[in-house]
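To keep things clear, I will list the structure first and then write my remarks on it.
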Amino acid sequence: MTKALKSMNFHEDGKVDFHEFRAICKAFPSVLFPAFRMQQSMRLNILGEVWWQDKIETLQKEKDGFLGRCEQKRATEEKRLLRERRKLIRSELGLYSFYFSKHRRENLERIHPKPIVYLDKDHDVRVKFPETES
């Protein structure tokens, strides 16, 4: 424990940043043992282990539902943008060339690349358009 504390780089305000703390926890896993022990004791003495287990499961279900809805929004936006891209390429080529001129369609697909649709760290849908080839 003393070795772990000595290896920490404290800032001027006496705090340690998250990355430093994570590195210390990986190097010295026993540092967190007292906190886990206290958590376990509190769970047993406050409302009981069964209540806490139910609470964890409820929160996980809520989180899964939220993340599922976020992913659904992302997928919907991706489908919409891909439909728009396909419509644009089809309008530039014409119906016949779109279906029967694979080479021309592939050239336009390079000019209009597929958008990258992702969720940012706040679970908001973001779109990135790759650089187009000339």
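Naming scheme: A, B, ... for chains in displayed order of the structure tokens; residues 1 onward per chain; ligands 1 onward as shown.
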For Phe98 in chain A, please output as a PyMOL selection string all residues within 10 Å (counting only C-alpha atoms; exclusion window: fewer than 6 positions along the same chain).
-> chain A and resi 86+89-92+104-106+108
Dump as a short mmCIF file (atom, residue, chain, number, x, y, z; two decimals), in the first residue's frame, selection limited to all heavy atoms:
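Writing done, so here's again_15.cif:
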```
data_model
loop_
_atom_site.label_atom_id
_atom_site.label_comp_id
_atom_site.auth_asym_id
_atom_site.auth_seq_id
_atom_site.Cartn_x
_atom_site.Cartn_y
_atom_site.Cartn_z
N ARG A 86 -27.91 6.45 -52.05
CA ARG A 86 -28.34 5.61 -53.17
C ARG A 86 -29.21 6.40 -54.13
O ARG A 86 -29.04 6.31 -55.36
CB ARG A 86 -29.10 4.39 -52.62
CG ARG A 86 -29.55 3.41 -53.66
CD ARG A 86 -30.28 2.25 -52.96
NE ARG A 86 -30.94 1.39 -53.91
CZ ARG A 86 -30.40 0.29 -54.40
NH1 ARG A 86 -29.21 -0.10 -54.01
NH2 ARG A 86 -31.08 -0.45 -55.26
N ILE A 89 -26.97 8.81 -56.17
CA ILE A 89 -26.21 8.09 -57.19
C ILE A 89 -27.12 7.66 -58.33
O ILE A 89 -26.78 7.80 -59.51
CB ILE A 89 -25.45 6.89 -56.57
CG1 ILE A 89 -24.37 7.40 -55.62
CG2 ILE A 89 -24.85 5.99 -57.65
CD1 ILE A 89 -23.72 6.33 -54.77
N ARG A 90 -28.30 7.17 -57.99
CA ARG A 90 -29.25 6.73 -59.02
C ARG A 90 -29.71 7.90 -59.88
O ARG A 90 -29.83 7.78 -61.09
CB ARG A 90 -30.45 6.04 -58.37
CG ARG A 90 -31.32 5.31 -59.37
CD ARG A 90 -32.34 4.41 -58.75
NE ARG A 90 -33.13 5.12 -57.76
CZ ARG A 90 -33.70 4.54 -56.71
NH1 ARG A 90 -33.56 3.25 -56.50
NH2 ARG A 90 -34.41 5.24 -55.86
N SER A 91 -29.90 9.08 -59.25
CA SER A 91 -30.33 10.24 -60.03
C SER A 91 -29.20 10.74 -60.95
O SER A 91 -29.45 11.21 -62.05
CB SER A 91 -30.83 11.37 -59.13
OG SER A 91 -29.75 11.93 -58.41
N GLU A 92 -27.96 10.63 -60.51
CA GLU A 92 -26.83 11.07 -61.34
C GLU A 92 -26.59 10.11 -62.51
O GLU A 92 -26.19 10.55 -63.59
CB GLU A 92 -25.56 11.20 -60.49
CG GLU A 92 -25.57 12.40 -59.57
CD GLU A 92 -24.27 12.56 -58.80
OE1 GLU A 92 -23.21 12.11 -59.28
OE2 GLU A 92 -24.33 13.15 -57.70
N ARG A 104 -19.57 2.35 -63.75
CA ARG A 104 -19.94 3.75 -63.53
C ARG A 104 -20.52 3.95 -62.13
O ARG A 104 -20.25 4.94 -61.46
CB ARG A 104 -20.93 4.22 -64.59
CG ARG A 104 -20.27 4.39 -65.96
CD ARG A 104 -21.23 4.82 -67.02
NE ARG A 104 -21.77 6.14 -66.70
CZ ARG A 104 -22.86 6.63 -67.28
NH1 ARG A 104 -23.51 5.94 -68.18
NH2 ARG A 104 -23.30 7.83 -66.94
N ARG A 105 -21.32 2.98 -61.69
CA ARG A 105 -21.91 3.07 -60.34
C ARG A 105 -20.81 3.02 -59.27
O ARG A 105 -20.82 3.79 -58.32
CB ARG A 105 -22.92 1.97 -60.11
CG ARG A 105 -23.66 2.16 -58.77
CD ARG A 105 -24.74 1.15 -58.52
NE ARG A 105 -24.15 -0.14 -58.23
CZ ARG A 105 -24.48 -1.28 -58.85
NH1 ARG A 105 -25.38 -1.30 -59.80
NH2 ARG A 105 -23.90 -2.41 -58.52
N GLU A 106 -19.83 2.13 -59.45
CA GLU A 106 -18.73 2.03 -58.49
C GLU A 106 -17.91 3.32 -58.44
O GLU A 106 -17.46 3.73 -57.37
CB GLU A 106 -17.84 0.83 -58.81
CG GLU A 106 -18.49 -0.49 -58.48
CD GLU A 106 -17.68 -1.69 -58.96
OE1 GLU A 106 -16.72 -1.51 -59.74
OE2 GLU A 106 -18.03 -2.81 -58.55
N LEU A 108 -19.08 6.36 -58.99
CA LEU A 108 -19.87 7.34 -58.22
C LEU A 108 -19.91 6.98 -56.74
O LEU A 108 -19.96 7.86 -55.88
CB LEU A 108 -21.29 7.44 -58.78
CG LEU A 108 -21.46 8.43 -59.92
CD1 LEU A 108 -22.90 8.42 -60.42
CD2 LEU A 108 -21.07 9.82 -59.51
#
```
If you run DSSP on this backbone, which residues of range 35-129 of chain A come out as alpha helix (DSSP H), and could you give them as a VMD selection string?
-> chain A and resid 35 to 45 49 to 93 95 to 100 102 to 111
For range 114-123 of chain A, list every protein, DNA or RNA residue within 10 Å, evaluated using only C-alpha atoms, and leave out those in the same chain fewer than 3 positions away; present the list as a ChimeraX atom specification.
-> /A:66-67,69-71,73-79,81-82,85-86,109-111,126-132
Writer output for current selection, N, CA, C and O atoms, as a tab-separated table (two decimals), in the first residue's frame:
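The resulting out_20.tsv:
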```
chain	number	residue	atom	x	y	z
A	66	PHE	N	-31.62	1.94	-22.52
A	66	PHE	CA	-31.17	3.25	-23.03
A	66	PHE	C	-30.18	3.07	-24.17
A	66	PHE	O	-30.30	3.69	-25.23
A	67	LEU	N	-29.19	2.19	-23.97
A	67	LEU	CA	-28.19	1.97	-25.01
A	67	LEU	C	-28.82	1.34	-26.25
A	67	LEU	O	-28.43	1.65	-27.37
A	69	ARG	N	-31.90	1.87	-27.28
A	69	ARG	CA	-32.61	2.95	-27.98
A	69	ARG	C	-31.62	3.83	-28.73
A	69	ARG	O	-31.88	4.27	-29.85
A	70	CYS	N	-30.47	4.10	-28.13
A	70	CYS	CA	-29.44	4.91	-28.79
A	70	CYS	C	-28.94	4.20	-30.05
A	70	CYS	O	-28.79	4.84	-31.10
A	71	GLU	N	-28.70	2.92	-29.95
A	71	GLU	CA	-28.22	2.15	-31.10
A	71	GLU	C	-29.29	2.12	-32.19
A	71	GLU	O	-28.98	2.19	-33.38
A	73	LYS	N	-31.49	4.48	-32.78
A	73	LYS	CA	-31.44	5.80	-33.43
A	73	LYS	C	-30.29	5.88	-34.40
A	73	LYS	O	-30.41	6.41	-35.50
A	74	ARG	N	-29.14	5.34	-33.99
A	74	ARG	CA	-27.96	5.36	-34.86
A	74	ARG	C	-28.22	4.56	-36.13
A	74	ARG	O	-27.95	5.02	-37.24
A	75	ALA	N	-28.79	3.37	-35.99
A	75	ALA	CA	-29.06	2.52	-37.15
A	75	ALA	C	-30.09	3.16	-38.08
A	75	ALA	O	-29.95	3.11	-39.30
A	76	THR	N	-31.10	3.80	-37.51
A	76	THR	CA	-32.12	4.49	-38.31
A	76	THR	C	-31.51	5.62	-39.12
A	76	THR	O	-31.78	5.78	-40.30
A	77	GLU	N	-30.64	6.40	-38.47
A	77	GLU	CA	-29.98	7.51	-39.16
A	77	GLU	C	-29.05	6.98	-40.26
A	77	GLU	O	-28.99	7.54	-41.35
A	78	GLU	N	-28.35	5.89	-39.99
A	78	GLU	CA	-27.48	5.31	-40.99
A	78	GLU	C	-28.28	4.84	-42.21
A	78	GLU	O	-27.89	5.10	-43.35
A	79	LYS	N	-29.40	4.17	-41.98
A	79	LYS	CA	-30.26	3.71	-43.08
A	79	LYS	C	-30.77	4.89	-43.90
A	79	LYS	O	-30.79	4.85	-45.13
A	81	LEU	N	-29.40	7.88	-44.27
A	81	LEU	CA	-28.31	8.46	-45.05
A	81	LEU	C	-27.90	7.56	-46.22
A	81	LEU	O	-27.57	8.07	-47.30
A	82	LEU	N	-27.93	6.26	-46.03
A	82	LEU	CA	-27.60	5.34	-47.12
A	82	LEU	C	-28.67	5.39	-48.22
A	82	LEU	O	-28.34	5.30	-49.40
A	85	ARG	N	-27.97	8.53	-50.15
A	85	ARG	CA	-26.80	8.33	-51.00
A	85	ARG	C	-27.17	7.52	-52.24
A	85	ARG	O	-26.80	7.87	-53.36
A	86	ARG	N	-27.91	6.45	-52.05
A	86	ARG	CA	-28.34	5.61	-53.17
A	86	ARG	C	-29.21	6.40	-54.13
A	86	ARG	O	-29.04	6.31	-55.36
A	109	GLU	N	-19.90	5.70	-56.43
A	109	GLU	CA	-19.88	5.29	-55.01
A	109	GLU	C	-18.57	5.71	-54.34
A	109	GLU	O	-18.55	6.00	-53.15
A	110	ARG	N	-17.48	5.76	-55.11
A	110	ARG	CA	-16.22	6.26	-54.55
A	110	ARG	C	-16.29	7.77	-54.35
A	110	ARG	O	-15.75	8.30	-53.39
A	111	ILE	N	-16.95	8.46	-55.27
A	111	ILE	CA	-17.09	9.92	-55.15
A	111	ILE	C	-18.00	10.27	-53.98
A	111	ILE	O	-17.78	11.26	-53.28
A	126	ARG	N	-23.72	10.79	-34.20
A	126	ARG	CA	-22.82	11.65	-34.96
A	126	ARG	C	-22.58	11.02	-36.32
A	126	ARG	O	-22.59	9.80	-36.46
A	127	VAL	N	-22.33	11.88	-37.31
A	127	VAL	CA	-22.07	11.41	-38.67
A	127	VAL	C	-20.75	12.00	-39.14
A	127	VAL	O	-20.50	13.19	-38.97
A	128	LYS	N	-19.94	11.14	-39.73
A	128	LYS	CA	-18.67	11.58	-40.30
A	128	LYS	C	-18.68	11.16	-41.77
A	128	LYS	O	-18.99	10.01	-42.09
A	129	PHE	N	-18.39	12.10	-42.65
A	129	PHE	CA	-18.32	11.80	-44.06
A	129	PHE	C	-16.85	11.65	-44.46
A	129	PHE	O	-16.08	12.61	-44.33
A	130	PRO	N	-16.47	10.47	-44.94
A	130	PRO	CA	-15.08	10.26	-45.34
A	130	PRO	C	-14.70	11.17	-46.50
A	130	PRO	O	-15.55	11.64	-47.24
A	131	GLU	N	-13.40	11.40	-46.62
A	131	GLU	CA	-12.91	12.21	-47.74
A	131	GLU	C	-13.24	11.50	-49.05
A	131	GLU	O	-13.15	10.27	-49.15
A	132	THR	N	-13.63	12.28	-50.04
A	132	THR	CA	-13.96	11.69	-51.33
A	132	THR	C	-12.74	11.61	-52.22
A	132	THR	O	-11.83	12.41	-52.10
```
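Across the structure, CA of Ala23 in chain A and CA of Phe36 in chain A are spaced 18.0 Å apart.
Nearest-residue note for Val125 in chain A: choosing from A:Thr58, A:Gln72, A:Asp13, A:Phe33, the minimum distance belongs to A:Gln72, counting only C-alpha atoms.
Secondary structure by DSSP on the backbone puts the following residues of range 10-130 of chain A in strand (DSSP E): Ile116, Val117, Tyr118, Leu119, Val125, Arg126, Val127 and Lys128 of chain A.
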Å distance separating CA of Ile24 in chain A from CA of Trp52 in chain A, one decimal place | 28.3 Å
